[in-house]
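Content type PDB, C-alpha atoms and all ligand atoms, from the file start-v3.pdb:
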```
ATOM      1  CA  MET A   1      97.682  95.182  97.666  1.00  0.00           C
ATOM      2  CA  ASN A   2      93.999  95.513  98.435  1.00  0.00           C
ATOM      3  CA  ASN A   3      94.211  91.922  99.490  1.00  0.00           C
ATOM      4  CA  THR A   4      96.715  92.728 102.225  1.00  0.00           C
ATOM      5  CA  ILE A   5      94.719  95.694 103.531  1.00  0.00           C
ATOM      6  CA  GLU A   6      91.730  93.360 103.608  1.00  0.00           C
ATOM      7  CA  LYS A   7      93.824  90.922 105.640  1.00  0.00           C
ATOM      8  CA  ILE A   8      94.662  93.602 108.223  1.00  0.00           C
ATOM      9  CA  LYS A   9      90.993  94.494 108.370  1.00  0.00           C
ATOM     10  CA  GLN A  10      90.069  90.900 109.196  1.00  0.00           C
ATOM     11  CA  GLN A  11      92.822  90.706 111.830  1.00  0.00           C
ATOM     12  CA  VAL A  12      91.535  93.897 113.474  1.00  0.00           C
ATOM     13  CA  ILE A  13      87.932  92.703 113.447  1.00  0.00           C
ATOM     14  CA  ASN A  14      88.957  89.513 115.254  1.00  0.00           C
ATOM     15  CA  CYS A  15      91.665  91.042 117.461  1.00  0.00           C
ATOM     16  CA  LYS A  16      91.797  90.385 121.201  1.00  0.00           C
ATOM     17  CA  LYS A  17      95.305  91.657 121.846  1.00  0.00           C
ATOM     18  CA  CYS A  18      94.204  94.197 124.444  1.00  0.00           C
ATOM     19  CA  LYS A  19      91.373  94.704 126.903  1.00  0.00           C
ATOM     20  CA  LEU A  20      89.528  97.161 124.677  1.00  0.00           C
ATOM     21  CA  SER A  21      88.303  94.050 122.853  1.00  0.00           C
ATOM     22  CA  GLU A  22      86.163  93.283 125.910  1.00  0.00           C
ATOM     23  CA  THR A  23      84.246  96.563 125.879  1.00  0.00           C
ATOM     24  CA  ARG A  24      83.990  97.380 122.176  1.00  0.00           C
ATOM     25  CA  THR A  25      80.867  96.814 120.092  1.00  0.00           C
ATOM     26  CA  ASN A  26      82.841  96.704 116.847  1.00  0.00           C
ATOM     27  CA  ALA A  27      86.538  97.011 116.139  1.00  0.00           C
ATOM     28  CA  VAL A  28      87.177  99.831 113.669  1.00  0.00           C
ATOM     29  CA  PRO A  29      89.739  99.012 110.987  1.00  0.00           C
ATOM     30  CA  GLY A  30      91.193 101.735 108.768  1.00  0.00           C
ATOM     31  CA  LYS A  31      89.172 102.598 105.701  1.00  0.00           C
ATOM     32  CA  GLY A  32      89.699 104.173 102.331  1.00  0.00           C
ATOM     33  CA  ASN A  33      91.831 104.130  99.245  1.00  0.00           C
ATOM     34  CA  PHE A  34      94.692 101.662  99.484  1.00  0.00           C
ATOM     35  CA  LYS A  35      96.485 103.638  96.756  1.00  0.00           C
ATOM     36  CA  ALA A  36      96.023 106.941  98.590  1.00  0.00           C
ATOM     37  CA  ASP A  37      98.762 109.584  98.694  1.00  0.00           C
ATOM     38  CA  VAL A  38      97.655 110.476 102.222  1.00  0.00           C
ATOM     39  CA  ILE A  39      96.911 108.456 105.355  1.00  0.00           C
ATOM     40  CA  LEU A  40      95.142 110.454 108.074  1.00  0.00           C
ATOM     41  CA  ILE A  41      95.599 109.146 111.618  1.00  0.00           C
ATOM     42  CA  GLY A  42      93.236 109.933 114.493  1.00  0.00           C
ATOM     43  CA  GLU A  43      93.179 108.751 118.097  1.00  0.00           C
ATOM     44  CA  ALA A  44      90.608 106.000 118.579  1.00  0.00           C
ATOM     45  CA  PRO A  45      87.020 105.210 117.634  1.00  0.00           C
ATOM     46  CA  GLY A  46      84.280 107.105 119.448  1.00  0.00           C
ATOM     47  CA  ARG A  47      80.694 106.056 120.084  1.00  0.00           C
ATOM     48  CA  ASN A  48      79.469 106.299 116.482  1.00  0.00           C
ATOM     49  CA  GLU A  49      82.534 104.548 115.118  1.00  0.00           C
ATOM     50  CA  ASP A  50      82.171 101.755 117.680  1.00  0.00           C
ATOM     51  CA  LYS A  51      78.556 101.334 116.622  1.00  0.00           C
ATOM     52  CA  ASN A  52      79.261 101.327 112.870  1.00  0.00           C
ATOM     53  CA  GLY A  53      82.705  99.751 112.665  1.00  0.00           C
ATOM     54  CA  GLU A  54      83.993 102.638 110.526  1.00  0.00           C
ATOM     55  CA  PRO A  55      86.443 105.429 111.391  1.00  0.00           C
ATOM     56  CA  PHE A  56      85.413 109.084 111.650  1.00  0.00           C
ATOM     57  CA  VAL A  57      81.693 108.703 110.995  1.00  0.00           C
ATOM     58  CA  GLY A  58      80.504 110.922 113.891  1.00  0.00           C
ATOM     59  CA  ALA A  59      80.677 114.687 114.440  1.00  0.00           C
ATOM     60  CA  ALA A  60      84.489 114.814 114.214  1.00  0.00           C
ATOM     61  CA  GLY A  61      84.333 112.842 110.992  1.00  0.00           C
ATOM     62  CA  LYS A  62      81.905 115.349 109.538  1.00  0.00           C
ATOM     63  CA  ARG A  63      84.345 118.164 110.338  1.00  0.00           C
ATOM     64  CA  LEU A  64      87.149 116.272 108.688  1.00  0.00           C
ATOM     65  CA  GLU A  65      85.065 115.532 105.612  1.00  0.00           C
ATOM     66  CA  GLU A  66      84.112 119.198 105.294  1.00  0.00           C
ATOM     67  CA  ALA A  67      87.734 120.314 105.516  1.00  0.00           C
ATOM     68  CA  LEU A  68      88.708 117.786 102.832  1.00  0.00           C
ATOM     69  CA  LYS A  69      85.831 118.842 100.598  1.00  0.00           C
ATOM     70  CA  LYS A  70      86.863 122.506 100.722  1.00  0.00           C
ATOM     71  CA  THR A  71      90.118 121.557  99.064  1.00  0.00           C
ATOM     72  CA  GLY A  72      88.438 119.282  96.518  1.00  0.00           C
ATOM     73  CA  ILE A  73      89.237 116.002  98.228  1.00  0.00           C
ATOM     74  CA  GLU A  74      86.744 113.288  98.996  1.00  0.00           C
ATOM     75  CA  ARG A  75      86.932 110.582 101.612  1.00  0.00           C
ATOM     76  CA  LYS A  76      87.435 107.930  98.958  1.00  0.00           C
ATOM     77  CA  ASP A  77      90.651 109.681  97.849  1.00  0.00           C
ATOM     78  CA  VAL A  78      92.382 109.146 101.201  1.00  0.00           C
ATOM     79  CA  TYR A  79      92.898 106.414 103.785  1.00  0.00           C
ATOM     80  CA  ILE A  80      91.675 107.104 107.317  1.00  0.00           C
ATOM     81  CA  THR A  81      92.694 105.178 110.406  1.00  0.00           C
ATOM     82  CA  ASN A  82      93.347 105.451 114.148  1.00  0.00           C
ATOM     83  CA  VAL A  83      96.170 104.760 116.600  1.00  0.00           C
ATOM     84  CA  VAL A  84      93.968 102.189 118.342  1.00  0.00           C
ATOM     85  CA  LYS A  85      91.174 100.405 116.531  1.00  0.00           C
ATOM     86  CA  CYS A  86      88.760  99.835 119.430  1.00  0.00           C
ATOM     87  CA  ARG A  87      86.878 102.414 121.457  1.00  0.00           C
ATOM     88  CA  PRO A  88      88.243 103.178 124.914  1.00  0.00           C
ATOM     89  CA  PRO A  89      85.408 103.301 127.501  1.00  0.00           C
ATOM     90  CA  SER A  90      83.943 106.832 127.820  1.00  0.00           C
ATOM     91  CA  ASN A  91      86.325 107.930 125.059  1.00  0.00           C
ATOM     92  CA  ARG A  92      89.273 108.171 127.426  1.00  0.00           C
ATOM     93  CA  VAL A  93      92.697 108.574 125.834  1.00  0.00           C
ATOM     94  CA  PRO A  94      94.155 105.143 124.992  1.00  0.00           C
ATOM     95  CA  ILE A  95      96.859 104.013 127.420  1.00  0.00           C
ATOM     96  CA  ASP A  96     100.384 102.949 126.403  1.00  0.00           C
ATOM     97  CA  GLU A  97      99.579  99.266 126.739  1.00  0.00           C
ATOM     98  CA  GLU A  98      96.689  99.570 124.261  1.00  0.00           C
ATOM     99  CA  ARG A  99      98.687 101.663 121.828  1.00  0.00           C
ATOM    100  CA  LYS A 100     101.536  99.168 121.905  1.00  0.00           C
ATOM    101  CA  ALA A 101      99.221  96.195 121.427  1.00  0.00           C
ATOM    102  CA  CYS A 102      97.681  97.889 118.395  1.00  0.00           C
ATOM    103  CA  GLN A 103     100.754  99.425 116.764  1.00  0.00           C
ATOM    104  CA  ASP A 104     101.572  96.662 114.284  1.00  0.00           C
ATOM    105  CA  TYR A 105      98.296  97.290 112.476  1.00  0.00           C
ATOM    106  CA  ILE A 106      99.156 100.888 111.711  1.00  0.00           C
ATOM    107  CA  LYS A 107     102.732  99.991 110.810  1.00  0.00           C
ATOM    108  CA  ASN A 108     101.410  97.475 108.305  1.00  0.00           C
ATOM    109  CA  GLU A 109      98.817  99.875 106.900  1.00  0.00           C
ATOM    110  CA  ILE A 110     101.613 102.369 106.246  1.00  0.00           C
ATOM    111  CA  LYS A 111     103.912  99.727 104.766  1.00  0.00           C
ATOM    112  CA  ILE A 112     101.265  98.588 102.297  1.00  0.00           C
ATOM    113  CA  ILE A 113      99.890 101.983 101.275  1.00  0.00           C
ATOM    114  CA  GLN A 114     103.240 103.824 101.215  1.00  0.00           C
ATOM    115  CA  PRO A 115     101.628 107.252 101.404  1.00  0.00           C
ATOM    116  CA  LYS A 116     103.440 110.384 100.228  1.00  0.00           C
ATOM    117  CA  ILE A 117     102.424 112.053 103.493  1.00  0.00           C
ATOM    118  CA  ILE A 118     100.970 110.856 106.785  1.00  0.00           C
ATOM    119  CA  CYS A 119      98.672 113.449 108.338  1.00  0.00           C
ATOM    120  CA  ILE A 120      98.687 113.383 112.130  1.00  0.00           C
ATOM    121  CA  LEU A 121      95.368 114.488 113.652  1.00  0.00           C
ATOM    122  CA  GLY A 122      95.846 115.707 117.222  1.00  0.00           C
ATOM    123  CA  ASN A 123      97.871 114.937 120.327  1.00  0.00           C
ATOM    124  CA  THR A 124      97.447 111.173 120.622  1.00  0.00           C
ATOM    125  CA  ALA A 125      98.564 110.408 117.078  1.00  0.00           C
ATOM    126  CA  PHE A 126     101.376 112.964 117.425  1.00  0.00           C
ATOM    127  CA  ASN A 127     102.563 111.291 120.596  1.00  0.00           C
ATOM    128  CA  SER A 128     102.203 107.694 119.399  1.00  0.00           C
ATOM    129  CA  MET A 129     103.697 108.122 115.936  1.00  0.00           C
ATOM    130  CA  LEU A 130     106.374 110.740 116.609  1.00  0.00           C
ATOM    131  CA  GLY A 131     106.803 111.026 120.371  1.00  0.00           C
ATOM    132  CA  GLY A 132     105.380 114.545 120.229  1.00  0.00           C
ATOM    133  CA  GLY A 133     103.620 116.651 122.859  1.00  0.00           C
ATOM    134  CA  GLU A 134     101.270 119.583 122.324  1.00  0.00           C
ATOM    135  CA  ILE A 135     100.027 119.535 118.723  1.00  0.00           C
ATOM    136  CA  THR A 136      98.867 123.173 118.901  1.00  0.00           C
ATOM    137  CA  LYS A 137     102.497 124.278 119.109  1.00  0.00           C
ATOM    138  CA  PHE A 138     103.473 122.224 116.073  1.00  0.00           C
ATOM    139  CA  ARG A 139     100.431 122.182 113.814  1.00  0.00           C
ATOM    140  CA  GLY A 140     101.045 123.146 110.210  1.00  0.00           C
ATOM    141  CA  LYS A 141     104.551 121.734 110.330  1.00  0.00           C
ATOM    142  CA  THR A 142     106.185 118.950 108.366  1.00  0.00           C
ATOM    143  CA  VAL A 143     108.241 116.206 109.962  1.00  0.00           C
ATOM    144  CA  ARG A 144     110.520 113.580 108.440  1.00  0.00           C
ATOM    145  CA  LYS A 145     111.295 110.339 110.226  1.00  0.00           C
ATOM    146  CA  ASN A 146     112.719 107.172 108.625  1.00  0.00           C
ATOM    147  CA  ASN A 147     112.277 108.753 105.190  1.00  0.00           C
ATOM    148  CA  GLN A 148     108.545 109.196 105.764  1.00  0.00           C
ATOM    149  CA  ILE A 149     107.056 112.679 105.621  1.00  0.00           C
ATOM    150  CA  TYR A 150     104.406 113.628 108.167  1.00  0.00           C
ATOM    151  CA  PHE A 151     102.184 116.688 108.365  1.00  0.00           C
ATOM    152  CA  LEU A 152     100.802 117.816 111.722  1.00  0.00           C
ATOM    153  CA  THR A 153      97.384 119.252 112.410  1.00  0.00           C
ATOM    154  CA  ILE A 154      94.771 119.469 115.136  1.00  0.00           C
ATOM    155  CA  HIS A 155      92.166 116.798 115.825  1.00  0.00           C
ATOM    156  CA  PRO A 156      88.916 117.621 113.964  1.00  0.00           C
ATOM    157  CA  ALA A 157      86.951 117.123 117.216  1.00  0.00           C
ATOM    158  CA  ALA A 158      88.691 120.217 118.604  1.00  0.00           C
ATOM    159  CA  THR A 159      86.755 122.331 116.069  1.00  0.00           C
ATOM    160  CA  ILE A 160      83.480 121.234 117.649  1.00  0.00           C
ATOM    161  CA  TYR A 161      84.360 122.847 120.979  1.00  0.00           C
ATOM    162  CA  ASN A 162      86.157 125.835 119.498  1.00  0.00           C
ATOM    163  CA  GLN A 163      84.675 127.176 116.265  1.00  0.00           C
ATOM    164  CA  LYS A 164      87.761 129.315 115.640  1.00  0.00           C
ATOM    165  CA  LEU A 165      89.687 126.155 114.964  1.00  0.00           C
ATOM    166  CA  ILE A 166      87.607 125.349 111.875  1.00  0.00           C
ATOM    167  CA  GLN A 167      89.669 127.816 109.879  1.00  0.00           C
ATOM    168  CA  ILE A 168      92.902 126.385 111.262  1.00  0.00           C
ATOM    169  CA  LEU A 169      91.922 122.860 110.239  1.00  0.00           C
ATOM    170  CA  ASP A 170      90.828 124.079 106.790  1.00  0.00           C
ATOM    171  CA  GLU A 171      94.104 125.928 106.240  1.00  0.00           C
ATOM    172  CA  ASP A 172      96.153 122.947 107.353  1.00  0.00           C
ATOM    173  CA  ILE A 173      94.272 120.474 105.163  1.00  0.00           C
ATOM    174  CA  GLU A 174      94.680 122.812 102.192  1.00  0.00           C
ATOM    175  CA  ARG A 175      98.419 123.027 102.874  1.00  0.00           C
ATOM    176  CA  LEU A 176      98.608 119.245 103.224  1.00  0.00           C
ATOM    177  CA  PHE A 177      97.278 118.717  99.729  1.00  0.00           C
ATOM    178  CA  SER A 178      99.453 121.426  98.226  1.00  0.00           C
ATOM    179  CA  LEU A 179     102.427 119.553  99.701  1.00  0.00           C
ATOM    180  CA  VAL A 180     101.099 116.356  98.139  1.00  0.00           C
ATOM    181  CA  ASP A 181     100.828 118.125  94.762  1.00  0.00           C
ATOM    182  CA  ASN A 182     104.437 119.234  95.019  1.00  0.00           C
ATOM    183  CA  LEU A 183     105.609 115.752  95.911  1.00  0.00           C
ATOM    184  CA  LYS A 184     103.691 114.334  92.953  1.00  0.00           C
ATOM    185  CA  LYS A 185     105.571 116.751  90.716  1.00  0.00           C
ATOM    186  CA  SER A 186     108.806 115.572  92.363  1.00  0.00           C
ATOM    187  CA  LEU A 187     109.357 119.026  93.833  1.00  0.00           C
ATOM    188  CA  GLU A 188     111.166 119.357  97.147  1.00  0.00           C
ATOM    189  CA  VAL A 189     109.011 120.203 100.160  1.00  0.00           C
ATOM    190  CA  SER A 190     110.566 121.931 103.121  1.00  0.00           C
ATOM    191  CA  ILE A 191     110.879 119.847 106.256  1.00  0.00           C
ATOM    192  CA  ASP A 192     110.442 121.694 109.540  1.00  0.00           C
ATOM    193  CA  ILE A 193     111.480 118.902 111.911  1.00  0.00           C
ATOM    194  CA  GLU A 194     113.890 116.026 111.234  1.00  0.00           C
ATOM    195  CA  ILE A 195     113.644 113.093 113.636  1.00  0.00           C
ATOM    196  CA  SER A 196     116.597 110.735 113.522  1.00  0.00           C
ATOM    197  CA  SER A 197     115.801 107.119 114.234  1.00  0.00           C
TER     198      SER A 197
HETATM  199  N1  LIG B 201      87.968 110.463 116.710  1.00  0.00           N
HETATM  200  C1  LIG B 201      89.031 109.751 116.328  1.00  0.00           C
HETATM  201  O1  LIG B 201      90.150 110.020 116.716  1.00  0.00           O
HETATM  202  N2  LIG B 201      88.836 108.752 115.498  1.00  0.00           N
HETATM  203  C2  LIG B 201      87.646 108.418 115.011  1.00  0.00           C
HETATM  204  O2  LIG B 201      87.566 107.474 114.241  1.00  0.00           O
HETATM  205  C3  LIG B 201      86.544 109.183 115.412  1.00  0.00           C
HETATM  206  C4  LIG B 201      86.725 110.200 116.267  1.00  0.00           C
HETATM  207 FE1  LIG B 202      93.292  94.623 119.100  1.00  0.00          FE
HETATM  208 FE2  LIG B 202      93.889  97.190 118.765  1.00  0.00          FE
HETATM  209 FE3  LIG B 202      91.413  96.477 119.411  1.00  0.00          FE
HETATM  210 FE4  LIG B 202      93.337  96.264 121.215  1.00  0.00          FE
HETATM  211  S1  LIG B 202      92.590  98.186 120.285  1.00  0.00           S
HETATM  212  S2  LIG B 202      91.797  94.706 120.735  1.00  0.00           S
HETATM  213  S3  LIG B 202      95.084  95.693 119.940  1.00  0.00           S
HETATM  214  S4  LIG B 202      92.485  95.990 117.500  1.00  0.00           S
END
```

Show the structure stored in the file as structure tokens.
Amino acid sequence: MNNTIEKIKQQVINCKKCKLSETRTNAVPGKGNFKADVILIGEAPGRNEDKNGEPFVGAAGKRLEEALKKTGIERKDVYITNVVKCRPPSNRVPIDEERKACQDYIKNEIKIIQPKIICILGNTAFNSMLGGGEITKFRGKTVRKNNQIYFLTIHPAATIYNQKLIQILDEDIERLFSLVDNLKKSLEVSIDIEISS
């Protein structure tokens, strides 16, 4: 299994499927536990991620790590990735063409890891993975699509500009892992939104 995640990582590092390959410093493959119960999905690498080749290592990553820590979870317990694996210039939102070019990587990450829950971080992941709009209207909710459960929350970067959102992110991450606990005990979790495929 680790072998196949490693294979995706190598494909991402060498990928030239879209134009972001021309402006990136480093491609940023997903990182973490390939046996994780949770995959967290962000938007795209930022400046620090582009420099280091690792997801969520800048200010937003610190916020995410803090929220995880408050509920007793460490980075190594989860798998963290992005909708697109290369940094868009000036951190603009990735365009459809880039998302489409990159989507097989995330599909394969999910197929290999088979997480109990996929946690969607913010608008871009919500839109790309589930066709959603404003995450603030849906955060805290569970979604089921193709037998996969998703949990929706805000992007950790939003807490940098609005300190009030720290508590929201903390509450959501706590709820996420209580849902995971229930699923591990084979208890039913309530689904707020069903998406038929
Ligand atoms: N923001 C993201 O969406 N992803 C990262 O990896 C870093 C910041
Ligand atoms: Fe390849 Fe994705 Fe990077 Fe585009 S963003 S070059 S598709 S890894």

Go through chain A and flag each residue having an atom no more than 8 Å from ligand LIG 202 (chain B); for those, report the closest pair of atoms plus their distance in Å to one decimal, using all atoms listed in the file, ordered by chain and rising number, as CSV.
```
residue,atom,partner,partner_atom,distance
A:Gln11,CA,B:LIG202,S4,7.8
A:Val12,CA,B:LIG202,S4,4.6
A:Ile13,CA,B:LIG202,S4,6.9
A:Asn14,CA,B:LIG202,S4,7.7
A:Cys15,CA,B:LIG202,FE1,4.3
A:Lys16,CA,B:LIG202,S2,4.3
A:Lys17,CA,B:LIG202,S3,4.5
A:Cys18,CA,B:LIG202,FE4,3.9
A:Lys19,CA,B:LIG202,S2,6.2
A:Leu20,CA,B:LIG202,S2,5.2
A:Ser21,CA,B:LIG202,S2,4.1
A:Glu22,CA,B:LIG202,S2,7.8
A:Arg24,CA,B:LIG202,FE3,8.0
A:Ala27,CA,B:LIG202,FE3,5.9
A:Val28,CA,B:LIG202,S4,7.6
A:Pro29,CA,B:LIG202,S4,7.7
A:Val84,CA,B:LIG202,S1,4.7
A:Lys85,CA,B:LIG202,S1,4.6
A:Cys86,CA,B:LIG202,S1,4.3
A:Arg87,CA,B:LIG202,S1,7.2
A:Glu98,CA,B:LIG202,FE4,5.6
A:Arg99,CA,B:LIG202,S1,7.2
A:Lys100,CA,B:LIG202,S3,7.6
A:Ala101,CA,B:LIG202,S3,4.4
A:Cys102,CA,B:LIG202,S3,3.7
A:Gln103,CA,B:LIG202,FE2,7.5
A:Tyr105,CA,B:LIG202,FE2,7.7
```

- Task: With only C-alpha atoms and all ligand atoms counted, collect every polymer residue having an atom within 12 Å of ligand LIG 201 (chain B); state the result as an MDAnalysis selection string.
- Result: chainID A and resid 27:31 40:65 79:88 91:94 120:126 154:160

- Message: So that I can check the surroundings of Lys141 of chain A, please list as a list in words every protein, DNA and RNA residue that reaches within 8 Å of it, counting all atoms listed in the file and ignoring chain neighbours fewer than 5 positions away.
- Response: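 Within the cut-off, the hits are Phe151, Leu152, Thr153, Ile191, Asp192 and Ile193 of chain A.
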
- Item | Nearest to Ile73 of chain A, chosen from A:Lys116, A:Val38, A:Ser128, A:Lys164, with all atoms listed in the file counted in the distances | A:Val38

- Task: I would like the residues chosen by the PyMOL selection byres (((chain A and resi 115) around 10) and not hetatm) on the shown file; could you give them as a list in words?
- Result: Phe34, Lys35, Ala36, Asp37, Val38, Ile39, Leu40, Val78, Tyr79, Glu109, Ile110, Lys111, Ile112, Ile113, Gln114, Lys116, Ile117, Ile118, Cys119, Gln148, Ile149, Tyr150 and Val180 of chain A

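What separates atom CA of Asp96 of chain A from atom CA of Ile135 of chain A is a distance of 18.3 Å.
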
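One finds atom CA of Lys76 of chain A at 5.8 Å from atom CA of Asn33 of chain A.
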
Got a minute to add N, CA, C and O atoms to segment 179-190 of chain A and dump it as a short mmCIF file (atom, residue, chain, number, x, y, z; two decimals), in the coordinates of the input?
```
data_model
loop_
_atom_site.label_atom_id
_atom_site.label_comp_id
_atom_site.auth_asym_id
_atom_site.auth_seq_id
_atom_site.Cartn_x
_atom_site.Cartn_y
_atom_site.Cartn_z
N LEU A 179 101.17 120.30 99.54
CA LEU A 179 102.43 119.55 99.70
C LEU A 179 102.40 118.26 98.88
O LEU A 179 103.38 117.90 98.22
N VAL A 180 101.25 117.59 98.92
CA VAL A 180 101.10 116.36 98.14
C VAL A 180 101.29 116.65 96.65
O VAL A 180 101.99 115.92 95.94
N ASP A 181 100.68 117.74 96.18
CA ASP A 181 100.83 118.12 94.76
C ASP A 181 102.29 118.32 94.41
O ASP A 181 102.75 117.85 93.37
N ASN A 182 103.01 119.01 95.28
CA ASN A 182 104.44 119.23 95.02
C ASN A 182 105.21 117.93 94.97
O ASN A 182 106.05 117.73 94.09
N LEU A 183 104.91 117.04 95.89
CA LEU A 183 105.61 115.75 95.91
C LEU A 183 105.30 114.94 94.65
O LEU A 183 106.17 114.26 94.11
N LYS A 184 104.06 115.05 94.18
CA LYS A 184 103.69 114.33 92.95
C LYS A 184 104.44 114.86 91.74
O LYS A 184 104.69 114.14 90.79
N LYS A 185 104.79 116.15 91.81
CA LYS A 185 105.57 116.75 90.72
C LYS A 185 107.06 116.59 90.96
O LYS A 185 107.88 117.24 90.32
N SER A 186 107.41 115.78 91.95
CA SER A 186 108.81 115.57 92.36
C SER A 186 109.51 116.85 92.79
O SER A 186 110.72 116.98 92.63
N LEU A 187 108.74 117.81 93.29
CA LEU A 187 109.36 119.03 93.83
C LEU A 187 109.72 118.78 95.29
O LEU A 187 109.07 117.99 95.97
N GLU A 188 110.76 119.46 95.74
CA GLU A 188 111.17 119.36 97.15
C GLU A 188 110.12 120.04 98.03
O GLU A 188 109.58 121.08 97.67
N VAL A 189 109.81 119.46 99.18
CA VAL A 189 109.01 120.20 100.16
C VAL A 189 109.90 120.47 101.37
O VAL A 189 110.79 119.67 101.68
N SER A 190 109.67 121.60 102.00
CA SER A 190 110.57 121.93 103.12
C SER A 190 110.14 121.17 104.37
O SER A 190 108.95 121.03 104.67
#
```
